[in-house]
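Participant: Input file: work-v9.cif. Contents: mmCIF, C-alpha atoms.
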```
data_final
loop_
_atom_site.group_PDB
_atom_site.id
_atom_site.type_symbol
_atom_site.label_atom_id
_atom_site.label_comp_id
_atom_site.auth_asym_id
_atom_site.auth_seq_id
_atom_site.Cartn_x
_atom_site.Cartn_y
_atom_site.Cartn_z
ATOM 1 C CA MET L 1 -1.281 -25.642 -7.375
ATOM 2 C CA ASN L 2 -2.879 -22.971 -9.527
ATOM 3 C CA LEU L 3 -0.948 -19.767 -8.831
ATOM 4 C CA THR L 4 -3.734 -17.439 -9.970
ATOM 5 C CA VAL L 5 -7.235 -16.715 -8.729
ATOM 6 C CA ALA L 6 -9.960 -14.514 -10.217
ATOM 7 C CA SER L 7 -11.118 -11.409 -8.354
ATOM 8 C CA GLU L 8 -14.616 -12.835 -8.429
ATOM 9 C CA GLU L 9 -13.489 -15.822 -6.325
ATOM 10 C CA ILE L 10 -11.782 -13.928 -3.498
ATOM 11 C CA ALA L 11 -14.818 -13.780 -1.212
ATOM 12 C CA ARG L 12 -14.988 -17.595 -1.202
ATOM 13 C CA SER L 13 -11.274 -18.099 -0.506
ATOM 14 C CA LEU L 14 -9.800 -18.741 2.936
ATOM 15 C CA GLU L 15 -6.518 -17.188 1.731
ATOM 16 C CA PHE L 16 -7.900 -13.659 1.993
ATOM 17 C CA ARG L 17 -9.516 -11.484 4.637
ATOM 18 C CA HIS L 18 -11.764 -8.492 4.117
ATOM 19 C CA LEU L 19 -10.416 -5.227 5.488
ATOM 20 C CA SER L 20 -13.656 -4.733 7.408
ATOM 21 C CA SER L 21 -12.646 -7.697 9.608
ATOM 22 C CA ILE L 22 -9.546 -5.849 10.881
ATOM 23 C CA ARG L 23 -10.398 -3.811 13.945
ATOM 24 C CA GLY L 24 -8.742 -0.456 14.522
ATOM 25 C CA ILE L 25 -8.067 0.601 10.930
ATOM 26 C CA ALA L 26 -9.735 3.079 8.616
ATOM 27 C CA ILE L 27 -10.308 2.308 4.938
ATOM 28 C CA ASP L 28 -9.990 4.855 2.116
ATOM 29 C CA LEU L 29 -9.270 2.901 -1.045
ATOM 30 C CA ARG L 30 -8.278 5.666 -3.442
ATOM 31 C CA TYR L 31 -8.551 3.558 -6.597
ATOM 32 C CA ALA L 32 -12.187 2.830 -5.729
ATOM 33 C CA THR L 33 -12.850 6.571 -6.074
ATOM 34 C CA ALA L 34 -11.917 9.376 -8.452
ATOM 35 C CA ASN L 35 -9.409 10.645 -5.845
ATOM 36 C CA ASN L 36 -6.319 9.184 -7.517
ATOM 37 C CA PHE L 37 -3.833 10.135 -10.209
ATOM 38 C CA VAL L 38 -5.949 8.544 -12.958
ATOM 39 C CA GLY L 39 -9.014 10.506 -11.851
ATOM 40 C CA ARG L 40 -11.545 7.674 -12.031
ATOM 41 C CA ASP L 41 -12.764 4.624 -10.139
ATOM 42 C CA LEU L 42 -10.633 1.690 -11.272
ATOM 43 C CA TYR L 43 -12.059 -0.980 -8.963
ATOM 44 C CA SER L 44 -15.815 -1.104 -9.577
ATOM 45 C CA PRO L 45 -17.595 -3.463 -9.837
ATOM 46 C CA PHE L 46 -15.039 -5.451 -7.805
ATOM 47 C CA ASP L 47 -14.613 -5.242 -4.047
ATOM 48 C CA CYS L 48 -10.866 -4.788 -3.563
ATOM 49 C CA ALA L 49 -10.949 -4.261 0.211
ATOM 50 C CA TRP L 50 -9.034 -7.491 0.816
ATOM 51 C CA LEU L 51 -5.614 -8.635 1.967
ATOM 52 C CA HIS L 52 -3.967 -12.026 2.133
ATOM 53 C CA VAL L 53 -4.468 -13.494 5.614
ATOM 54 C CA GLN L 54 -0.764 -13.046 6.416
ATOM 55 C CA ALA L 55 -0.819 -9.359 5.538
ATOM 56 C CA ALA L 56 -4.073 -8.891 7.444
ATOM 57 C CA ALA L 57 -2.495 -10.447 10.542
ATOM 58 C CA GLY L 58 0.475 -8.123 10.129
ATOM 59 C CA LEU L 59 -1.848 -5.136 9.964
ATOM 60 C CA GLU L 60 -3.410 -6.219 13.239
ATOM 61 C CA GLN L 61 0.077 -6.116 14.758
ATOM 62 C CA VAL L 62 0.460 -2.559 13.460
ATOM 63 C CA VAL L 63 -2.808 -1.568 15.154
ATOM 64 C CA ALA L 64 -1.695 -3.136 18.449
ATOM 65 C CA TRP L 65 1.721 -1.449 18.328
ATOM 66 C CA LEU L 66 0.220 1.977 17.661
ATOM 67 C CA HIS L 67 -2.330 1.468 20.428
ATOM 68 C CA ALA L 68 0.528 0.838 22.859
ATOM 69 C CA LYS L 69 3.051 3.382 21.565
ATOM 70 C CA ARG L 70 0.976 6.164 20.021
ATOM 71 C CA PRO L 71 -2.655 5.919 21.151
ATOM 72 C CA GLY L 72 -4.871 8.230 19.151
ATOM 73 C CA LEU L 73 -3.273 7.358 15.825
ATOM 74 C CA THR L 74 -5.114 5.150 13.347
ATOM 75 C CA PRO L 75 -3.705 3.463 10.224
ATOM 76 C CA VAL L 76 -5.625 4.265 7.057
ATOM 77 C CA VAL L 77 -5.426 1.753 4.218
ATOM 78 C CA LEU L 78 -5.203 3.613 0.902
ATOM 79 C CA ASP L 79 -4.755 0.509 -1.249
ATOM 80 C CA ALA L 80 -4.613 -3.209 -0.528
ATOM 81 C CA LEU L 81 -5.463 -5.949 -3.030
ATOM 82 C CA ARG L 82 -4.978 -4.598 -6.556
ATOM 83 C CA PRO L 83 -6.030 -7.144 -9.179
ATOM 84 C CA GLN L 84 -3.731 -7.774 -12.110
ATOM 85 C CA ARG L 85 -6.231 -6.211 -14.525
ATOM 86 C CA VAL L 86 -6.118 -2.938 -12.575
ATOM 87 C CA GLN L 87 -2.319 -3.002 -12.422
ATOM 88 C CA GLN L 88 -2.378 -3.279 -16.214
ATOM 89 C CA GLN L 89 -4.682 -0.245 -16.456
ATOM 90 C CA LEU L 90 -2.339 1.829 -14.297
ATOM 91 C CA TRP L 91 0.698 0.668 -16.277
ATOM 92 C CA ASP L 92 -0.966 1.583 -19.559
ATOM 93 C CA THR L 93 -2.029 4.991 -18.201
ATOM 94 C CA LEU L 94 1.595 5.877 -17.416
ATOM 95 C CA ALA L 95 3.033 4.561 -20.698
ATOM 96 C CA GLY L 96 5.376 7.116 -22.235
ATOM 97 C CA THR L 97 5.322 9.452 -19.220
ATOM 98 C CA GLY L 98 8.564 8.333 -17.595
ATOM 99 C CA LEU L 99 6.578 7.510 -14.460
ATOM 100 C CA GLN L 100 6.237 3.745 -14.902
ATOM 101 C CA MET L 101 9.143 3.379 -12.453
ATOM 102 C CA TYR L 102 6.520 3.880 -9.742
ATOM 103 C CA LEU L 103 4.689 0.711 -10.758
ATOM 104 C CA ALA L 104 5.575 -2.948 -10.961
ATOM 105 C CA ASN L 105 5.441 -4.231 -14.526
ATOM 106 C CA PRO L 106 2.228 -6.296 -14.772
ATOM 107 C CA LEU L 107 4.170 -9.055 -16.531
ATOM 108 C CA ARG L 108 6.253 -9.515 -13.388
ATOM 109 C CA GLY L 109 3.384 -8.860 -11.017
ATOM 110 C CA SER L 110 2.775 -6.261 -8.330
ATOM 111 C CA ILE L 111 2.849 -7.560 -4.751
ATOM 112 C CA HIS L 112 -0.490 -5.748 -4.406
ATOM 113 C CA SER L 113 -1.921 -8.335 -6.811
ATOM 114 C CA TYR L 114 -1.169 -11.068 -4.267
ATOM 115 C CA GLY L 115 -2.846 -9.171 -1.433
ATOM 116 C CA MET L 116 0.576 -8.949 0.203
ATOM 117 C CA ALA L 117 1.226 -5.202 -0.090
ATOM 118 C CA VAL L 118 -0.521 -2.244 1.444
ATOM 119 C CA ASP L 119 -0.444 1.503 0.846
ATOM 120 C CA ILE L 120 -1.016 3.196 4.165
ATOM 121 C CA THR L 121 -0.865 6.415 6.152
ATOM 122 C CA LEU L 122 -1.813 7.564 9.646
ATOM 123 C CA VAL L 123 -4.521 9.884 10.953
ATOM 124 C CA ASP L 124 -4.736 11.566 14.343
ATOM 125 C CA GLU L 125 -7.633 11.461 16.797
ATOM 126 C CA HIS L 126 -9.384 14.165 14.771
ATOM 127 C CA GLY L 127 -9.171 12.160 11.556
ATOM 128 C CA ARG L 128 -6.478 14.379 10.042
ATOM 129 C CA GLU L 129 -3.725 12.724 8.034
ATOM 130 C CA LEU L 130 -0.255 13.164 9.494
ATOM 131 C CA ASP L 131 1.871 15.423 7.298
ATOM 132 C CA MET L 132 4.235 13.193 5.343
ATOM 133 C CA GLY L 133 5.578 15.950 3.106
ATOM 134 C CA THR L 134 3.637 14.783 0.040
ATOM 135 C CA GLY L 135 0.277 13.243 -0.628
ATOM 136 C CA PHE L 136 -0.378 9.626 -1.590
ATOM 137 C CA ASP L 137 0.767 8.753 -5.123
ATOM 138 C CA ASP L 138 2.842 11.906 -5.422
ATOM 139 C CA MET L 139 5.209 10.824 -8.174
ATOM 140 C CA THR L 140 8.127 13.090 -7.341
ATOM 141 C CA GLU L 141 11.412 12.487 -5.574
ATOM 142 C CA LEU L 142 10.005 14.136 -2.432
ATOM 143 C CA SER L 143 8.074 10.880 -1.911
ATOM 144 C CA HIS L 144 11.262 8.792 -1.881
ATOM 145 C CA PRO L 145 12.286 7.542 1.572
ATOM 146 C CA ALA L 146 15.778 6.939 0.187
ATOM 147 C CA LEU L 147 16.201 10.669 -0.465
ATOM 148 C CA GLU L 148 14.450 12.219 2.521
ATOM 149 C CA GLU L 149 17.591 12.931 4.554
ATOM 150 C CA GLY L 150 18.881 15.116 1.735
ATOM 151 C CA PHE L 151 15.539 16.889 1.450
ATOM 152 C CA LEU L 152 15.583 17.448 5.209
ATOM 153 C CA VAL L 153 19.022 19.084 5.039
ATOM 154 C CA ALA L 154 17.874 21.193 2.069
ATOM 155 C CA GLY L 155 14.767 22.329 3.913
ATOM 156 C CA GLN L 156 12.376 20.695 1.442
ATOM 157 C CA LEU L 157 11.052 18.335 4.115
ATOM 158 C CA THR L 158 10.581 19.343 7.745
ATOM 159 C CA GLU L 159 11.674 17.489 10.867
ATOM 160 C CA GLU L 160 8.013 16.768 11.643
ATOM 161 C CA GLN L 161 7.337 15.330 8.174
ATOM 162 C CA VAL L 162 10.359 13.025 8.338
ATOM 163 C CA ALA L 163 9.492 12.010 11.927
ATOM 164 C CA ASN L 164 5.979 11.072 10.773
ATOM 165 C CA ARG L 165 7.424 8.913 7.994
ATOM 166 C CA ARG L 166 9.805 7.233 10.430
ATOM 167 C CA LEU L 167 6.938 6.516 12.792
ATOM 168 C CA LEU L 168 4.948 4.896 9.982
ATOM 169 C CA ARG L 169 7.965 2.809 8.979
ATOM 170 C CA GLU L 170 8.606 1.723 12.561
ATOM 171 C CA ALA L 171 4.983 0.668 13.001
ATOM 172 C CA MET L 172 5.051 -1.304 9.756
ATOM 173 C CA ASN L 173 8.553 -2.802 10.103
ATOM 174 C CA GLN L 174 7.909 -4.242 13.549
ATOM 175 C CA ALA L 175 4.994 -6.191 12.034
ATOM 176 C CA GLY L 176 7.120 -7.661 9.244
ATOM 177 C CA PHE L 177 6.311 -5.178 6.489
ATOM 178 C CA VAL L 178 9.125 -3.848 4.290
ATOM 179 C CA GLY L 179 9.110 -0.410 2.688
ATOM 180 C CA ILE L 180 10.506 0.600 -0.690
ATOM 181 C CA ASN L 181 12.856 3.416 -1.723
ATOM 182 C CA THR L 182 10.415 5.405 -3.866
ATOM 183 C CA GLU L 183 7.107 5.604 -1.948
ATOM 184 C CA TRP L 184 6.764 6.416 1.760
ATOM 185 C CA TRP L 185 3.256 4.861 1.806
ATOM 186 C CA HIS L 186 4.016 1.432 0.251
ATOM 187 C CA PHE L 187 4.895 -1.668 2.267
ATOM 188 C CA ASP L 188 5.297 -5.293 1.219
ATOM 189 C CA CYS L 189 4.447 -8.067 3.646
ATOM 190 C CA GLY L 190 7.665 -10.049 3.709
ATOM 191 C CA ASP L 191 9.925 -10.928 0.791
ATOM 192 C CA ARG L 192 8.469 -10.002 -2.583
ATOM 193 C CA GLU L 193 10.356 -12.667 -4.538
ATOM 194 C CA LEU L 194 9.054 -15.367 -2.204
ATOM 195 C CA VAL L 195 5.541 -13.954 -2.642
ATOM 196 C CA ARG L 196 5.831 -14.065 -6.425
ATOM 197 C CA ARG L 197 7.000 -17.686 -6.331
ATOM 198 C CA THR L 198 4.586 -19.136 -3.813
ATOM 199 C CA PHE L 199 1.431 -17.031 -3.483
ATOM 200 C CA ARG L 200 -1.557 -16.834 -5.803
ATOM 201 C CA ARG L 201 -1.914 -13.748 -7.976
ATOM 202 C CA VAL L 202 -5.357 -12.199 -8.229
ATOM 203 C CA LEU L 203 -6.383 -11.543 -11.824
#
```
Go ahead and express the file in the form of structure tokens.

Facilitator:
Amino acid sequence: MNLTVASEEIARSLEFRHLSSIRGIAIDLRYATANNFVGRDLYSPFDCAWLHVQAAAGLEQVVAWLHAKRPGLTPVVLDALRPQRVQQQLWDTLAGTGLQMYLANPLRGSIHSYGMAVDITLVDEHGRELDMGTGFDDMTELSHPALEEGFLVAGQLTEEQVANRRLLREAMNQAGFVGINTEWWHFDCGDRELVRRTFRRVL
């Protein structure tokens, strides 16, 4: 089996679902706009509003859980499928800055490039993002879930901010998504090593 697929072929593949087919989410793909740390649209002319079918099904579970537990809250997808060529652009942009730790090396492959990772936050019934203590792609230690208890004790994160992060994690974890230590917004769908071995990477 060919373990790669071109971005141009995604729309014809049964392995992927368009985000617009997932009811109950909002879509704000930051890398398809200038509202990101690079400051330019990295996705055009490609439509990157896709996820692998397994991740899409997991996201539907997130929607259902929130509807039952916290009606009024909506998940907002900030990034989903990120083709390998875009991952390379981001990697190159951060070369020499000391910030490449926030990205998967393109040689190894980001789980985003398999459509099996999602960057996500929550908005309330008025469309306002819940306060997570930092914005998306904030490349400081305040974004690190692994360190948030210490920041809470030090008064650098509030009880509300940490509670909002925990809520997001609970919603994602119950659907099979796994967070990482350095970004409160990033979740992999299942085991990343299994994904790298068995799923197709989008180039």

Participant: Name the closest residue to Glu15 in chain L among the candidates L:Phe136, L:Leu99, L:Arg200, L:Ala32; distances are taken between atoms, counting all atoms listed in the file.

Facilitator: L:Arg200

Participant: On this structure, the PyMOL selection byres ((chain L and resi 88) around 12) would catch which residues? List them as JSON, numbers by chain, sorted by chain and number.

Facilitator: {"L": [42, 82, 83, 84, 85, 86, 87, 89, 90, 91, 92, 93, 94, 95, 100, 103, 104, 105, 106, 107, 108, 109, 110, 113, 203]}

Participant: What lies within 10 Å of Gln61 in chain L using all atoms listed in the file, ignoring chain neighbours under 5 positions off, as a list of chain:residue names?

Facilitator: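 Close residues of Gln61 in chain L: L:Ala55, L:Ala56, L:Leu66, L:His67, L:Ala171, L:Met172, L:Gln174, L:Ala175, L:Gly176.
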
Participant: Compare L:Asn181, L:Ser44, L:Ser143, L:Asn36 by their minimum atom-to-atom distance to Val162 in chain L, counting only C-alpha atoms, and give me the closest one.

Facilitator: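 The answer is L:Ser143, which sits nearest to Val162 in chain L.
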
Participant: Let me know the residues the PyMOL selection byres ((chain L and resi 49) around 9) catches in the file above, as number ranges by chain.

Facilitator: L: 17-20, 27, 29, 47-48, 50-51, 79-81

Participant: Restricting the calculation to only C-alpha atoms: of L:Phe16, L:Ala57, L:Asp188, L:Ser7, which residue gets closest to Tyr43 in chain L?

Facilitator: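 Looking only at the distances to Tyr43 in chain L, the closest residue turns out to be L:Ser7.
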
Participant: For the file shown, what are the residues hit by the PyMOL selection byres ((chain L and resi 182) around 8), laid out as number ranges by chain?

Facilitator: L: 102, 141, 143-146, 180-181, 183-184

Participant: Could you pull the residues within 7 Å of Val178 in chain L, counting only C-alpha atoms, minus those fewer than 4 positions along the same chain, as a ChimeraX atom specification?

Facilitator: /L:173,187-190

Participant: What separation in Å, quoted to one decimal, exists between CA of Glu125 in chain L and CA of Glu160 in chain L?

Facilitator: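 According to the coordinates, CA of Glu125 in chain L and CA of Glu160 in chain L are separated by 17.3 Å.
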
Participant: Using all atoms listed in the file, give me every residue within 12 Å of (-4.5, 4.5, 16.0) in file coordinates, as an NGL selection string.

Facilitator: :L and (23-26 or 59-76 or 121-130 or 168 or 171)

Participant: Identify which of the residues L:Ala6, L:Glu170, L:Met139, L:Pro45 lies closest to Thr97 in chain L, counting all atoms listed in the file when measuring atom-to-atom distances.

Facilitator: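 Distance minimum relative to Thr97 in chain L lands on L:Met139.
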
Participant: For Ile111 in chain L, which residue out of L:Glu193, L:Glu148, L:Asp41, L:Asp138 is the nearest one, using only C-alpha atoms?

Facilitator: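 Looking at the shortest contact to Ile111 in chain L, the residue is L:Glu193.
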
Participant: Quick one: axis-aligned box around all listed atoms of range 84-101 of chain L, 4 Å on every side, centre and edge lengths in Å to one decimal, written as lines of an AutoDock Vina configuration file.

Facilitator:
```
center_x = 1.5
center_y = 0.8
center_z = -17.2
size_x = 23.4
size_y = 25.2
size_z = 18.1
```

Participant: Report, in Å to a single decimal, how far apart CA of Gly58 in chain L and CA of Asp131 in chain L are.

Facilitator: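 Interatomic distance, CA of Asp131 in chain L to CA of Gly58 in chain L: 23.8 Å.
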
Participant: Leaving out Leu78 in chain L and any residue of its chain fewer than 4 positions from it, which residues lie within 6 Å of it when counting all atoms listed in the file, given as a PyMOL selection string?

Facilitator: chain L and resi 28-30+119-120

Participant: The selected residues should be written to file as an mmCIF file, in the coordinates of the input (atoms: C-alpha atoms).

Facilitator:
```cif
data_model
loop_
_atom_site.group_PDB
_atom_site.id
_atom_site.type_symbol
_atom_site.label_atom_id
_atom_site.label_comp_id
_atom_site.auth_asym_id
_atom_site.auth_seq_id
_atom_site.Cartn_x
_atom_site.Cartn_y
_atom_site.Cartn_z
ATOM 1 C CA ASP L 28 -9.990 4.855 2.116
ATOM 2 C CA LEU L 29 -9.270 2.901 -1.045
ATOM 3 C CA ARG L 30 -8.278 5.666 -3.442
ATOM 4 C CA ASP L 119 -0.444 1.503 0.846
ATOM 5 C CA ILE L 120 -1.016 3.196 4.165
#
```

Participant: Just to confirm, what's the straight-line distance from CA of Trp185 in chain L to CA of Val77 in chain L in Å (one decimal)?

Facilitator: 9.5 Å

Participant: So that I can check the surroundings of Leu142 in chain L, please list as a list in words every protein, DNA and RNA residue that reaches within 8 Å of it, counting all atoms listed in the file and ignoring chain neighbours fewer than 5 positions away.

Facilitator: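 Residues near the query, excluding close chain neighbours: Gly133, Thr134, Leu147, Glu148, Phe151, Gln156 and Leu157 of chain L.
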
Participant: The selected residues should be written to file as a short mmCIF file (atom, residue, chain, number, x, y, z; two decimals), in the coordinates of the input (atoms: C-alpha atoms).

Facilitator:
```cif
data_model
loop_
_atom_site.label_atom_id
_atom_site.label_comp_id
_atom_site.auth_asym_id
_atom_site.auth_seq_id
_atom_site.Cartn_x
_atom_site.Cartn_y
_atom_site.Cartn_z
CA GLY L 133 5.58 15.95 3.11
CA THR L 134 3.64 14.78 0.04
CA LEU L 147 16.20 10.67 -0.46
CA GLU L 148 14.45 12.22 2.52
CA PHE L 151 15.54 16.89 1.45
CA GLN L 156 12.38 20.70 1.44
CA LEU L 157 11.05 18.34 4.12
#
```

Participant: Between L:Met132, L:Phe46, L:Gly115, L:Tyr31, which has the minimum distance to Glu159 in chain L (counting all atoms listed in the file)?

Facilitator: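 Selected residue with least distance to Glu159 in chain L: L:Met132.
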